[in-house]
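Novice: Just one file: model-v8.tsv, with TSV, C-alpha atoms.
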```tsv
chain	number	residue	atom	x	y	z
A	206	MET	CA	19.07	-23.40	-16.29
A	207	GLU	CA	19.49	-21.01	-19.17
A	208	ASN	CA	21.66	-17.88	-18.95
A	209	THR	CA	18.65	-15.57	-18.70
A	210	ASP	CA	17.27	-17.57	-15.76
A	211	MET	CA	20.66	-17.45	-14.05
A	212	ALA	CA	20.83	-13.67	-14.53
A	213	VAL	CA	17.43	-13.28	-12.87
A	214	GLU	CA	18.47	-15.57	-10.01
A	215	HIS	CA	21.73	-13.68	-9.42
A	216	ALA	CA	19.97	-10.31	-9.56
A	217	GLY	CA	17.43	-11.54	-7.01
A	218	LYS	CA	20.12	-12.77	-4.63
A	219	GLY	CA	21.98	-9.48	-4.98
A	220	CYS	CA	18.92	-7.45	-4.06
A	221	ILE	CA	18.07	-9.75	-1.17
A	222	GLN	CA	21.58	-9.38	0.20
A	223	PHE	CA	21.35	-5.60	-0.23
A	224	LEU	CA	18.07	-5.54	1.69
A	225	GLY	CA	19.54	-7.80	4.34
A	226	ILE	CA	16.80	-10.43	4.03
A	227	ASP	CA	16.86	-14.18	3.50
A	228	HIS	CA	13.81	-14.60	1.26
A	229	PRO	CA	12.44	-12.51	-1.65
A	230	ILE	CA	9.29	-11.61	0.29
A	231	ILE	CA	8.23	-8.10	1.31
A	232	GLN	CA	5.15	-7.43	3.41
A	233	ALA	CA	3.37	-4.40	1.96
A	234	PRO	CA	3.18	-1.35	4.27
A	235	MET	CA	-0.66	-1.11	4.40
A	236	ALA	CA	-1.17	2.01	6.52
A	237	GLY	CA	-3.82	1.34	9.14
A	238	VAL	CA	-3.37	-2.45	8.90
A	239	SER	CA	0.34	-3.07	9.37
A	240	THR	CA	1.65	-3.04	12.92
A	241	PRO	CA	5.04	-3.31	14.61
A	242	ALA	CA	4.15	-6.90	15.56
A	243	LEU	CA	3.38	-7.81	11.94
A	244	ALA	CA	6.45	-6.09	10.49
A	245	ALA	CA	8.74	-7.65	13.10
A	246	ALA	CA	7.31	-11.13	12.59
A	247	VAL	CA	7.93	-10.94	8.84
A	248	SER	CA	11.44	-9.58	9.29
A	249	ASN	CA	12.28	-12.18	11.94
A	250	ALA	CA	11.17	-14.87	9.49
A	251	GLY	CA	13.65	-13.62	6.88
A	252	GLY	CA	11.44	-11.32	4.81
A	253	LEU	CA	11.16	-7.54	4.85
A	254	GLY	CA	8.44	-6.33	7.20
A	255	SER	CA	6.94	-2.90	6.60
A	256	LEU	CA	5.24	-0.09	8.48
A	257	GLY	CA	2.88	2.35	6.77
A	258	ILE	CA	3.18	5.72	8.53
A	259	GLY	CA	1.52	7.92	5.91
A	260	ALA	CA	-1.60	8.32	8.05
A	261	SER	CA	0.29	8.72	11.34
A	262	THR	CA	1.56	11.74	13.20
A	263	VAL	CA	5.32	12.04	13.55
A	264	ALA	CA	5.09	11.02	17.20
A	265	GLN	CA	2.99	7.97	16.33
A	266	ALA	CA	5.39	7.01	13.54
A	267	ARG	CA	8.44	7.30	15.79
A	268	LYS	CA	6.73	5.09	18.39
A	269	MET	CA	5.92	2.46	15.75
A	270	ILE	CA	9.52	2.40	14.58
A	271	GLU	CA	10.81	2.11	18.14
A	272	GLU	CA	8.33	-0.67	18.94
A	273	THR	CA	9.37	-2.59	15.82
A	274	ARG	CA	13.04	-2.24	16.78
A	275	ASP	CA	12.20	-3.68	20.20
A	276	LEU	CA	10.76	-6.76	18.45
A	277	THR	CA	13.38	-7.38	15.76
A	278	ALA	CA	17.04	-6.72	15.02
A	279	ARG	CA	16.39	-7.40	11.34
A	280	PRO	CA	15.83	-4.73	8.62
A	281	PHE	CA	12.33	-3.36	8.02
A	282	ASN	CA	10.74	-0.81	5.71
A	283	VAL	CA	8.98	2.45	6.61
A	284	ASN	CA	6.58	3.78	3.98
A	285	VAL	CA	5.50	7.43	3.51
A	286	PHE	CA	2.93	9.14	1.27
A	287	CYS	CA	4.27	11.67	-1.25
A	288	HIS	CA	1.01	12.96	-2.73
A	289	GLN	CA	0.61	16.56	-3.75
A	290	PRO	CA	-1.29	18.57	-1.12
A	291	ALA	CA	-5.05	18.63	-1.69
A	292	ARG	CA	-6.57	21.29	-3.90
A	293	ARG	CA	-9.33	22.60	-1.67
A	294	ASN	CA	-12.65	23.54	-3.24
A	295	VAL	CA	-15.39	24.73	-0.92
A	296	GLU	CA	-18.19	24.06	-3.43
A	297	THR	CA	-16.99	20.55	-4.27
A	298	GLU	CA	-16.67	19.67	-0.59
A	299	ALA	CA	-20.10	21.10	0.24
A	300	ARG	CA	-21.76	19.14	-2.59
A	301	TRP	CA	-20.08	15.96	-1.38
A	302	LEU	CA	-21.23	16.42	2.20
A	303	ASN	CA	-24.75	17.25	1.00
A	304	TYR	CA	-24.77	14.06	-1.05
A	305	LEU	CA	-23.68	12.01	1.97
A	306	ALA	CA	-26.18	13.74	4.28
A	307	PRO	CA	-28.90	11.03	4.01
A	308	LEU	CA	-26.39	8.42	5.14
A	309	PHE	CA	-25.40	10.44	8.20
A	310	ARG	CA	-29.07	11.02	9.04
A	311	GLU	CA	-29.72	7.27	8.75
A	312	PHE	CA	-27.52	6.87	11.81
A	313	GLU	CA	-29.00	9.91	13.59
A	314	ALA	CA	-25.76	11.83	13.17
A	315	GLU	CA	-25.13	15.43	12.24
A	316	VAL	CA	-23.61	16.05	8.82
A	317	PRO	CA	-20.06	17.40	9.30
A	318	ALA	CA	-19.86	21.15	8.89
A	319	HIS	CA	-16.59	20.71	6.99
A	320	ILE	CA	-13.94	18.13	6.17
A	321	GLU	CA	-10.17	18.43	6.45
A	322	GLU	CA	-6.91	17.38	4.83
A	323	ILE	CA	-6.32	14.74	7.48
A	324	TYR	CA	-2.84	13.62	6.37
A	325	THR	CA	0.21	15.80	5.76
A	326	SER	CA	2.15	14.67	2.70
A	327	PHE	CA	5.79	13.72	3.25
A	328	VAL	CA	6.74	16.22	0.54
A	329	ALA	CA	5.66	19.01	2.90
A	330	ASN	CA	6.55	17.40	6.23
A	331	ASP	CA	10.09	18.31	7.27
A	332	GLU	CA	9.47	17.00	10.79
A	333	ALA	CA	8.77	13.50	9.44
A	334	PHE	CA	11.87	13.71	7.25
A	335	GLN	CA	14.07	14.65	10.21
A	336	MET	CA	12.54	11.82	12.26
A	337	LEU	CA	13.50	9.30	9.56
A	338	LEU	CA	17.05	10.67	9.44
A	339	GLU	CA	17.26	10.26	13.20
A	340	THR	CA	15.76	6.76	13.39
A	341	ARG	CA	17.39	5.51	10.16
A	342	PRO	CA	15.26	2.50	9.27
A	343	ALA	CA	16.99	0.14	6.83
A	344	VAL	CA	14.51	1.01	4.08
A	345	VAL	CA	12.23	3.98	3.40
A	346	SER	CA	9.67	3.63	0.62
A	347	PHE	CA	7.57	6.24	-1.16
A	348	HIS	CA	3.98	6.01	-2.43
A	349	PHE	CA	2.07	8.49	-4.65
A	350	GLY	CA	5.27	10.11	-5.93
A	351	LEU	CA	8.72	11.16	-4.81
A	352	PRO	CA	10.05	13.71	-2.32
A	353	ALA	CA	12.58	16.37	-3.31
A	354	LEU	CA	15.89	15.12	-4.65
A	355	ASP	CA	17.82	16.48	-1.67
A	356	LYS	CA	15.68	14.41	0.71
A	357	ILE	CA	16.31	11.25	-1.31
A	358	ALA	CA	20.04	11.99	-1.36
A	359	ALA	CA	20.10	12.70	2.39
A	360	LEU	CA	18.38	9.42	3.21
A	361	ARG	CA	20.77	7.48	1.01
A	362	ALA	CA	23.75	9.29	2.54
A	363	ALA	CA	22.44	8.18	5.95
A	364	GLY	CA	22.63	4.57	4.79
A	365	VAL	CA	18.90	4.19	4.13
A	366	MET	CA	17.81	2.22	1.06
A	367	THR	CA	15.01	3.92	-0.89
A	368	ILE	CA	12.17	2.22	-2.78
A	369	ALA	CA	9.22	3.77	-4.61
A	370	THR	CA	6.00	2.54	-6.19
A	371	ALA	CA	5.48	2.82	-9.95
A	372	ASN	CA	2.34	2.12	-11.97
A	373	SER	CA	3.97	2.99	-15.30
A	374	LEU	CA	7.26	3.11	-17.15
A	375	HIS	CA	7.24	6.92	-17.00
A	376	GLU	CA	7.09	6.87	-13.19
A	377	ALA	CA	9.80	4.21	-13.01
A	378	GLN	CA	12.10	6.28	-15.21
A	379	ALA	CA	11.55	9.27	-12.92
A	380	MET	CA	12.62	7.09	-9.99
A	381	GLU	CA	15.75	5.99	-11.78
A	382	ALA	CA	16.65	9.60	-12.54
A	383	ALA	CA	16.03	10.60	-8.92
A	384	GLY	CA	18.44	8.03	-7.49
A	385	ILE	CA	15.92	5.60	-6.03
A	386	ASP	CA	17.42	2.17	-5.27
A	387	ALA	CA	14.56	-0.14	-6.29
A	388	ILE	CA	11.08	0.01	-7.82
A	389	VAL	CA	7.84	-1.60	-6.67
A	390	ALA	CA	5.93	-2.46	-9.86
A	391	GLN	CA	2.32	-2.21	-8.67
A	392	GLY	CA	-0.05	-4.00	-11.01
A	393	ILE	CA	-3.74	-3.27	-11.35
A	394	GLU	CA	-4.52	-6.37	-9.25
A	395	ALA	CA	-3.11	-4.78	-6.09
A	396	GLY	CA	-5.31	-3.84	-3.16
A	397	GLY	CA	-5.32	-0.40	-1.58
A	398	HIS	CA	-4.29	2.84	-3.21
A	399	ARG	CA	-2.75	3.01	-6.65
A	400	GLY	CA	0.66	4.62	-6.29
A	401	MET	CA	0.28	6.78	-9.39
A	402	PHE	CA	1.94	10.19	-9.15
A	403	ASP	CA	-0.95	12.05	-10.79
A	404	PRO	CA	-4.43	10.61	-10.06
A	405	GLU	CA	-5.85	12.67	-12.93
A	406	ALA	CA	-3.49	11.15	-15.51
A	407	VAL	CA	-4.56	8.31	-17.80
A	408	ASP	CA	-3.98	5.05	-15.94
A	409	GLN	CA	-2.78	2.29	-18.26
A	410	GLN	CA	-3.93	-0.22	-15.62
A	411	LEU	CA	-1.16	-2.67	-16.50
A	412	SER	CA	-1.21	-6.10	-14.90
A	413	THR	CA	1.59	-7.01	-12.54
A	414	SER	CA	3.16	-9.39	-15.07
A	415	VAL	CA	3.15	-6.87	-17.92
A	416	LEU	CA	4.42	-4.02	-15.74
A	417	VAL	CA	7.23	-6.13	-14.29
A	418	ARG	CA	8.42	-7.20	-17.73
A	419	LEU	CA	8.24	-3.63	-18.99
A	420	LEU	CA	10.24	-2.20	-16.11
A	421	VAL	CA	12.79	-5.02	-16.11
A	422	SER	CA	13.46	-4.47	-19.80
A	423	ARG	CA	13.42	-0.66	-19.78
A	424	THR	CA	15.11	0.32	-16.50
A	425	ARG	CA	18.32	-0.66	-14.74
A	426	LEU	CA	16.91	-0.79	-11.22
A	427	PRO	CA	15.83	-3.90	-9.30
A	428	VAL	CA	12.08	-4.45	-9.70
A	429	ILE	CA	9.80	-5.74	-6.94
A	430	ALA	CA	6.51	-7.23	-8.13
A	431	ALA	CA	3.28	-6.26	-6.34
A	432	GLY	CA	-0.35	-7.04	-7.04
A	433	GLY	CA	-2.27	-10.30	-6.85
A	434	ILE	CA	0.59	-12.32	-5.35
A	435	MET	CA	-0.70	-14.56	-2.55
A	436	ASP	CA	1.45	-17.69	-2.38
A	437	GLY	CA	4.83	-19.23	-3.16
A	438	ALA	CA	3.86	-20.04	-6.72
A	439	GLY	CA	3.04	-16.37	-7.29
A	440	ILE	CA	6.39	-15.35	-5.84
A	441	ARG	CA	8.20	-17.81	-8.10
A	442	ALA	CA	6.28	-16.51	-11.13
A	443	ALA	CA	7.25	-12.93	-10.27
A	444	LEU	CA	10.94	-13.84	-10.12
A	445	ASP	CA	10.65	-15.75	-13.39
A	446	LEU	CA	9.39	-12.51	-14.96
A	447	GLY	CA	12.54	-10.73	-13.79
A	448	ALA	CA	11.49	-9.33	-10.41
A	449	VAL	CA	14.01	-9.62	-7.58
A	450	ALA	CA	11.32	-9.97	-4.90
A	451	ALA	CA	7.55	-9.97	-4.44
A	452	GLN	CA	5.54	-7.62	-2.23
A	453	LEU	CA	2.41	-9.12	-0.67
A	454	GLY	CA	-0.24	-7.12	1.16
A	455	THR	CA	-3.65	-8.78	1.17
A	456	ALA	CA	-1.98	-12.11	1.99
A	457	PHE	CA	-1.02	-10.75	5.43
A	458	ILE	CA	-4.32	-9.10	6.45
A	459	LEU	CA	-5.73	-12.21	8.15
A	460	CYS	CA	-2.62	-12.63	10.28
A	461	PRO	CA	-3.50	-12.03	13.96
A	462	GLU	CA	-0.71	-9.44	14.10
A	463	SER	CA	-2.48	-7.13	11.62
A	464	ALA	CA	-4.78	-4.34	12.81
A	465	ALA	CA	-7.72	-5.44	10.64
A	466	ASN	CA	-10.96	-5.46	12.64
A	467	ALA	CA	-13.48	-8.31	12.87
A	468	SER	CA	-15.69	-7.07	10.03
A	469	TYR	CA	-12.71	-6.72	7.68
A	470	ARG	CA	-11.57	-10.24	8.53
A	471	GLU	CA	-15.05	-11.73	8.13
A	472	ASN	CA	-15.50	-10.19	4.68
A	473	LEU	CA	-12.04	-11.32	3.60
A	474	LYS	CA	-12.97	-14.90	4.54
A	475	SER	CA	-16.35	-14.73	2.79
A	476	VAL	CA	-17.58	-14.65	-0.79
A	477	GLN	CA	-17.30	-10.86	-0.53
A	478	ALA	CA	-13.53	-11.20	-1.01
A	479	ALA	CA	-14.07	-12.05	-4.68
A	480	ALA	CA	-15.75	-8.68	-5.29
A	481	THR	CA	-13.11	-5.95	-5.32
A	482	ARG	CA	-13.23	-2.77	-7.34
A	483	LEU	CA	-11.10	0.27	-8.03
A	484	THR	CA	-12.74	3.43	-6.75
A	485	ARG	CA	-11.85	6.99	-5.88
A	486	VAL	CA	-15.03	7.79	-3.94
A	487	VAL	CA	-13.70	6.52	-0.62
A	488	SER	CA	-10.57	8.65	-0.36
A	489	GLY	CA	-10.38	10.86	-3.46
A	490	ARG	CA	-7.69	8.65	-5.08
A	491	PRO	CA	-8.04	5.39	-7.03
A	492	ALA	CA	-7.87	2.43	-4.67
A	493	ARG	CA	-9.02	-1.21	-4.75
A	494	SER	CA	-11.41	-2.28	-2.00
A	495	ILE	CA	-13.92	-4.99	-1.23
A	496	VAL	CA	-17.13	-3.58	-2.69
A	497	SER	CA	-19.16	-1.80	-0.01
A	498	ARG	CA	-22.47	-0.03	0.34
A	499	PHE	CA	-20.58	3.25	0.50
A	500	MET	CA	-18.97	2.57	-2.90
A	501	ASN	CA	-22.26	1.59	-4.51
A	502	TYR	CA	-24.01	4.67	-3.11
A	503	CYS	CA	-21.33	7.11	-4.24
A	504	GLU	CA	-20.76	5.65	-7.71
A	505	VAL	CA	-24.31	5.85	-9.06
A	506	ALA	CA	-24.84	7.88	-12.21
A	507	GLY	CA	-25.12	11.58	-11.49
A	508	SER	CA	-23.33	11.48	-8.15
A	509	PRO	CA	-20.99	14.43	-7.49
A	510	VAL	CA	-17.22	14.29	-7.88
A	511	PRO	CA	-15.49	13.57	-4.56
A	512	PRO	CA	-13.04	16.12	-3.12
A	513	ASP	CA	-9.29	15.67	-3.44
A	514	TYR	CA	-7.35	13.08	-1.45
A	515	PRO	CA	-7.29	12.92	1.52
A	516	VAL	CA	-10.14	15.38	2.13
A	517	ALA	CA	-12.72	12.94	0.75
A	518	TYR	CA	-11.29	10.29	3.07
A	519	ASP	CA	-12.18	12.45	6.07
A	520	ALA	CA	-15.86	12.32	5.09
A	521	ALA	CA	-15.76	8.54	4.58
A	522	LYS	CA	-14.01	7.98	7.89
A	523	GLN	CA	-16.51	10.15	9.78
A	524	LEU	CA	-19.45	8.30	8.21
A	525	ASN	CA	-17.89	4.93	8.96
A	526	ALA	CA	-17.35	5.99	12.58
A	527	VAL	CA	-20.99	6.93	13.16
A	528	ALA	CA	-22.22	3.78	11.38
A	529	ALA	CA	-19.84	1.53	13.34
A	530	ARG	CA	-21.17	2.94	16.62
A	531	LYS	CA	-24.55	1.57	15.53
A	532	GLY	CA	-23.03	-1.80	14.66
A	533	ASN	CA	-23.02	-1.17	10.89
A	534	PHE	CA	-19.78	-1.78	8.97
A	535	GLU	CA	-21.04	-1.30	5.41
A	536	PHE	CA	-19.16	1.98	5.04
A	537	ALA	CA	-15.64	0.85	5.95
A	538	ALA	CA	-12.71	0.98	3.56
A	539	GLN	CA	-11.63	-2.66	3.38
A	540	TRP	CA	-8.72	-2.53	0.96
A	541	ALA	CA	-7.98	-5.83	-0.77
A	542	GLY	CA	-6.45	-7.05	-4.01
A	543	GLN	CA	-7.88	-9.37	-6.64
A	544	GLY	CA	-6.15	-12.31	-4.98
A	545	ALA	CA	-8.20	-11.82	-1.81
A	546	PRO	CA	-10.06	-15.16	-2.02
A	547	LEU	CA	-6.66	-16.85	-1.60
A	548	ALA	CA	-5.95	-15.19	1.77
A	549	ARG	CA	-5.06	-17.57	4.58
A	550	GLU	CA	-5.57	-17.10	8.30
A	551	MET	CA	-2.43	-17.91	10.28
A	552	PRO	CA	0.26	-16.17	12.32
A	553	ALA	CA	2.71	-14.17	10.23
A	554	ALA	CA	5.62	-16.46	11.09
A	555	ASP	CA	3.62	-19.49	9.92
A	556	LEU	CA	2.54	-17.70	6.74
A	557	MET	CA	6.15	-16.80	6.00
A	558	ALA	CA	7.24	-20.42	6.53
A	559	THR	CA	4.43	-21.58	4.24
A	560	LEU	CA	5.34	-19.07	1.54
A	561	VAL	CA	9.01	-20.06	1.69
A	562	GLN	CA	8.13	-23.75	1.50
A	563	GLU	CA	5.77	-23.19	-1.46
A	564	PHE	CA	8.35	-21.02	-3.23
A	565	ALA	CA	11.08	-23.61	-2.74
A	566	ALA	CA	8.87	-26.44	-3.98
A	567	LYS	CA	7.84	-24.48	-7.06
A	568	THR	CA	11.48	-23.55	-7.73
A	569	ASP	CA	12.57	-27.20	-7.49
A	570	ARG	CA	9.84	-28.29	-9.92
A	571	THR	CA	10.77	-25.49	-12.32
A	572	ARG	CA	14.43	-26.54	-12.35
A	573	SER	CA	13.78	-30.27	-12.70
```
Mind turning the file's structure into structure tokens?

Specialist:
Amino acid sequence: MENTDMAVEHAGKGCIQFLGIDHPIIQAPMAGVSTPALAAAVSNAGGLGSLGIGASTVAQARKMIEETRDLTARPFNVNVFCHQPARRNVETEARWLNYLAPLFREFEAEVPAHIEEIYTSFVANDEAFQMLLETRPAVVSFHFGLPALDKIAALRAAGVMTIATANSLHEAQAMEAAGIDAIVAQGIEAGGHRGMFDPEAVDQQLSTSVLVRLLVSRTRLPVIAAGGIMDGAGIRAALDLGAVAAQLGTAFILCPESAANASYRENLKSVQAAATRLTRVVSGRPARSIVSRFMNYCEVAGSPVPPDYPVAYDAAKQLNAVAARKGNFEFAAQWAGQGAPLAREMPAADLMATLVQEFAAKTDRTRS
């Protein structure tokens, strides 16, 4: 093994020890899909399980953390959303609801009179911050940006490791300056919401491999690769690029411990899984989903601009709810990455064992 390979290996082991895990595998938070059972199963198997609480109330988030602690004594990650509060625009929201009106009428439902900012950003949620200081999960991670510096410092002083998602070198450098402990390099292949700080900024749409190499060479922080990684070979490739661990999301959706519903699971096991696309029409922010009727309807030429995140998401969720009551699931947000066709259906513990075995086999072949 050459010196550069040894440096990568040592860095990976150091980060794994810091995280308190046995294997360089992190289950992505996936708000709405991750559960205490899933996070605990991954952590118990030697990875880092994660909870996504960005869409939860503080009471719901506290309960999830407590339930996870009841299921594992191992470290786990709690992820929060740090988006800027929505810029409300009555005209934009009215045009959007008017555009969606035919879809609501199709299911004999009233068009909502108004839509709301359904999630409170962590940057403006002192109650959620205090709850995290009280519960002290091993890791807290940030998506869509960073909280105030004093909150980052307070979490670190409480013994909490902090991680944040970067889509660019500029965002990663901001994390380094803010005192974040590690960076998730989210490539364009990743499912779910892009973690970009400013959704109106130019998105370079870097692949996972390019972004990892860029951040490894231009920052001093440990880099965690995310996007398109579905098996042990992908994990090994990420570490070979300089990452200290790999974060997998779509790979865990078919686990029975996830909260994905039957329609989501069926599409992920079908040819539909190969058709994912970045869109902002579902929530108001760029996110990668299995292509749906809702996306196709809202992305036609001449369609209005959706409201800000998460106000647009309120409209999509209300439409999906009325359609689902009629047995129609064509309007659901089924977030998935480009590696979706490689998803495997098995319990999380079995998937972890499989990933570890694949990673070890690939590592042995690489060294031989």

Novice: Pick the closest to A:Glu271 from A:Leu337, A:Met235, A:Val247, A:Ala329: which is it, counting all atoms listed in the file?

Specialist: A:Leu337

Novice: May I have the protein, DNA and RNA residues with any atom at most 9 Å from the point (-7.8, 12.3, -3.4), counting only C-alpha atoms, written as a PyMOL selection string?

Specialist: chain A and resi 288+291+404+485-491+511-518

Novice: To one decimal in Å, tell me the separation between atom CA of A:Ile230 and atom CA of A:Leu453.

Specialist: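 Here the two named atoms are 7.4 Å from each other.
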
Novice: Just how far from atom CA of A:Ile393 is atom CA of A:Pro552, in Å to one decimal?

Specialist: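 A separation of 27.3 Å between them.
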
Novice: Pick the closest to A:Asp436 from A:Asp408, A:Glu563, A:Glu298, A:Asp555: which is it, counting only C-alpha atoms?

Specialist: A:Glu563

Novice: Give me, as a PyMOL selection string, all polymer residues having an atom no more than 12 Å from A:Arg300, counting all atoms listed in the file and skipping those fewer than 6 positions away in the same chain.

Specialist: chain A and resi 294+306+316+318-320+508-512+517+520

Novice: When distances are computed from all atoms listed in the file, which of A:Gly254, A:Pro342, A:Gly432, A:Pro290 shows the smallest separation from A:Val365?

Specialist: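 The answer is A:Pro342, which sits nearest to A:Val365.
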
Novice: Find the residues near A:Thr424: any atom within 12 Å, counting all atoms listed in the file, skip ones fewer than 4 places away on the same chain, and give them as a PyMOL selection string.

Specialist: chain A and resi 371+373-382+385-388+390+416-420+428+447-448

Novice: Distance table requested - stretch 306-353 of chain A against stretch 357-361 of chain A, cut-off 12 Å, all atoms listed in the file: one row per qualifying residue with the closest atom pair and its distance in Å to one decimal, ordered by chain and rising residue number, as JSON lines.

Specialist:
```
{"residue": "A:Phe327", "atom": "CA", "partner": "A:Ile357", "partner_atom": "CA", "distance": 11.7}
{"residue": "A:Val328", "atom": "CA", "partner": "A:Ile357", "partner_atom": "CA", "distance": 10.9}
{"residue": "A:Phe334", "atom": "CA", "partner": "A:Leu360", "partner_atom": "CA", "distance": 8.8}
{"residue": "A:Gln335", "atom": "CA", "partner": "A:Leu360", "partner_atom": "CA", "distance": 9.7}
{"residue": "A:Met336", "atom": "CA", "partner": "A:Leu360", "partner_atom": "CA", "distance": 11.0}
{"residue": "A:Leu337", "atom": "CA", "partner": "A:Leu360", "partner_atom": "CA", "distance": 8.0}
{"residue": "A:Leu338", "atom": "CA", "partner": "A:Leu360", "partner_atom": "CA", "distance": 6.5}
{"residue": "A:Glu339", "atom": "CA", "partner": "A:Leu360", "partner_atom": "CA", "distance": 10.1}
{"residue": "A:Thr340", "atom": "CA", "partner": "A:Leu360", "partner_atom": "CA", "distance": 10.8}
{"residue": "A:Arg341", "atom": "CA", "partner": "A:Leu360", "partner_atom": "CA", "distance": 8.0}
{"residue": "A:Pro342", "atom": "CA", "partner": "A:Leu360", "partner_atom": "CA", "distance": 9.7}
{"residue": "A:Ala343", "atom": "CA", "partner": "A:Leu360", "partner_atom": "CA", "distance": 10.1}
{"residue": "A:Val344", "atom": "CA", "partner": "A:Leu360", "partner_atom": "CA", "distance": 9.3}
{"residue": "A:Val345", "atom": "CA", "partner": "A:Leu360", "partner_atom": "CA", "distance": 8.2}
{"residue": "A:Ser346", "atom": "CA", "partner": "A:Ile357", "partner_atom": "CA", "distance": 10.3}
{"residue": "A:Phe347", "atom": "CA", "partner": "A:Ile357", "partner_atom": "CA", "distance": 10.1}
{"residue": "A:Leu351", "atom": "CA", "partner": "A:Ile357", "partner_atom": "CA", "distance": 8.4}
{"residue": "A:Pro352", "atom": "CA", "partner": "A:Ile357", "partner_atom": "CA", "distance": 6.8}
{"residue": "A:Ala353", "atom": "CA", "partner": "A:Ile357", "partner_atom": "CA", "distance": 6.6}
```

Novice: Check the smallest atom-to-atom distance from each of A:Val421, A:Ala548, A:Ala456, A:Met500 to A:Leu444 using all atoms listed in the file, then report the winner.

Specialist: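 Ranked by minimum distance to A:Leu444, first place goes to A:Val421.
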
Novice: Here is a test: counting all atoms listed in the file, which residue of A:Val505, A:Ala246, A:Ile495, A:Leu473 is nearest to A:Arg549?

Specialist: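 For A:Arg549, the nearest of the given residues is A:Leu473.
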
Novice: Report, in Å with one decimal, the straight-line distance from atom CA of A:Leu243 to atom CA of A:Ser463.

Specialist: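 Result for atom CA of A:Leu243 versus atom CA of A:Ser463: 5.9 Å, one decimal.
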
Novice: Nearest residue to A:Val527 out of A:Ile458, A:Asp331, A:Ala242, A:Glu315, using all atoms listed in the file?

Specialist: A:Glu315

Novice: Residues at most 12 Å from A:Asn533, counting all atoms listed in the file, excluding those fewer than 4 positions away in the same chain, as a ChimeraX atom specification?

Specialist: /A:308,311-312,468,497-499,524-529,537

Novice: Working from the structure I just supplied, which lacks atoms in stretch 222-233 of chain A, can you model N, CA and C atoms there and output them as a PDB file, in the coordinates of the input?

Specialist:
```
ATOM      1  N   GLN A 222      20.422  -9.660  -0.652  1.00  0.00           N
ATOM      2  CA  GLN A 222      21.580  -9.380   0.200  1.00  0.00           C
ATOM      3  C   GLN A 222      21.645  -7.888   0.538  1.00  0.00           C
ATOM      4  N   PHE A 223      21.324  -7.042  -0.448  1.00  0.00           N
ATOM      5  CA  PHE A 223      21.350  -5.600  -0.230  1.00  0.00           C
ATOM      6  C   PHE A 223      20.307  -5.198   0.804  1.00  0.00           C
ATOM      7  N   LEU A 224      19.141  -5.827   0.738  1.00  0.00           N
ATOM      8  CA  LEU A 224      18.070  -5.540   1.690  1.00  0.00           C
ATOM      9  C   LEU A 224      18.355  -6.155   3.054  1.00  0.00           C
ATOM     10  N   GLY A 225      19.240  -7.142   3.082  1.00  0.00           N
ATOM     11  CA  GLY A 225      19.540  -7.800   4.340  1.00  0.00           C
ATOM     12  C   GLY A 225      18.501  -8.825   4.739  1.00  0.00           C
ATOM     13  N   ILE A 226      17.839  -9.438   3.753  1.00  0.00           N
ATOM     14  CA  ILE A 226      16.800 -10.430   4.030  1.00  0.00           C
ATOM     15  C   ILE A 226      17.197 -11.783   3.445  1.00  0.00           C
ATOM     16  N   ASP A 227      16.531 -12.819   3.924  1.00  0.00           N
ATOM     17  CA  ASP A 227      16.860 -14.180   3.500  1.00  0.00           C
ATOM     18  C   ASP A 227      15.984 -14.669   2.348  1.00  0.00           C
ATOM     19  N   HIS A 228      14.780 -14.126   2.253  1.00  0.00           N
ATOM     20  CA  HIS A 228      13.810 -14.600   1.260  1.00  0.00           C
ATOM     21  C   HIS A 228      13.258 -13.411   0.466  1.00  0.00           C
ATOM     22  N   PRO A 229      12.908 -13.630  -0.802  1.00  0.00           N
ATOM     23  CA  PRO A 229      12.440 -12.510  -1.650  1.00  0.00           C
ATOM     24  C   PRO A 229      10.982 -12.145  -1.390  1.00  0.00           C
ATOM     25  N   ILE A 230      10.669 -11.876  -0.130  1.00  0.00           N
ATOM     26  CA  ILE A 230       9.290 -11.610   0.290  1.00  0.00           C
ATOM     27  C   ILE A 230       9.246 -10.304   1.079  1.00  0.00           C
ATOM     28  N   ILE A 231       8.423  -9.374   0.618  1.00  0.00           N
ATOM     29  CA  ILE A 231       8.230  -8.100   1.310  1.00  0.00           C
ATOM     30  C   ILE A 231       6.765  -7.988   1.698  1.00  0.00           C
ATOM     31  N   GLN A 232       6.513  -7.693   2.955  1.00  0.00           N
ATOM     32  CA  GLN A 232       5.150  -7.430   3.410  1.00  0.00           C
ATOM     33  C   GLN A 232       4.816  -5.978   3.084  1.00  0.00           C
ATOM     34  N   ALA A 233       3.742  -5.769   2.357  1.00  0.00           N
ATOM     35  CA  ALA A 233       3.370  -4.400   1.960  1.00  0.00           C
ATOM     36  C   ALA A 233       3.067  -3.548   3.183  1.00  0.00           C
TER      37      ALA A 233
END
```
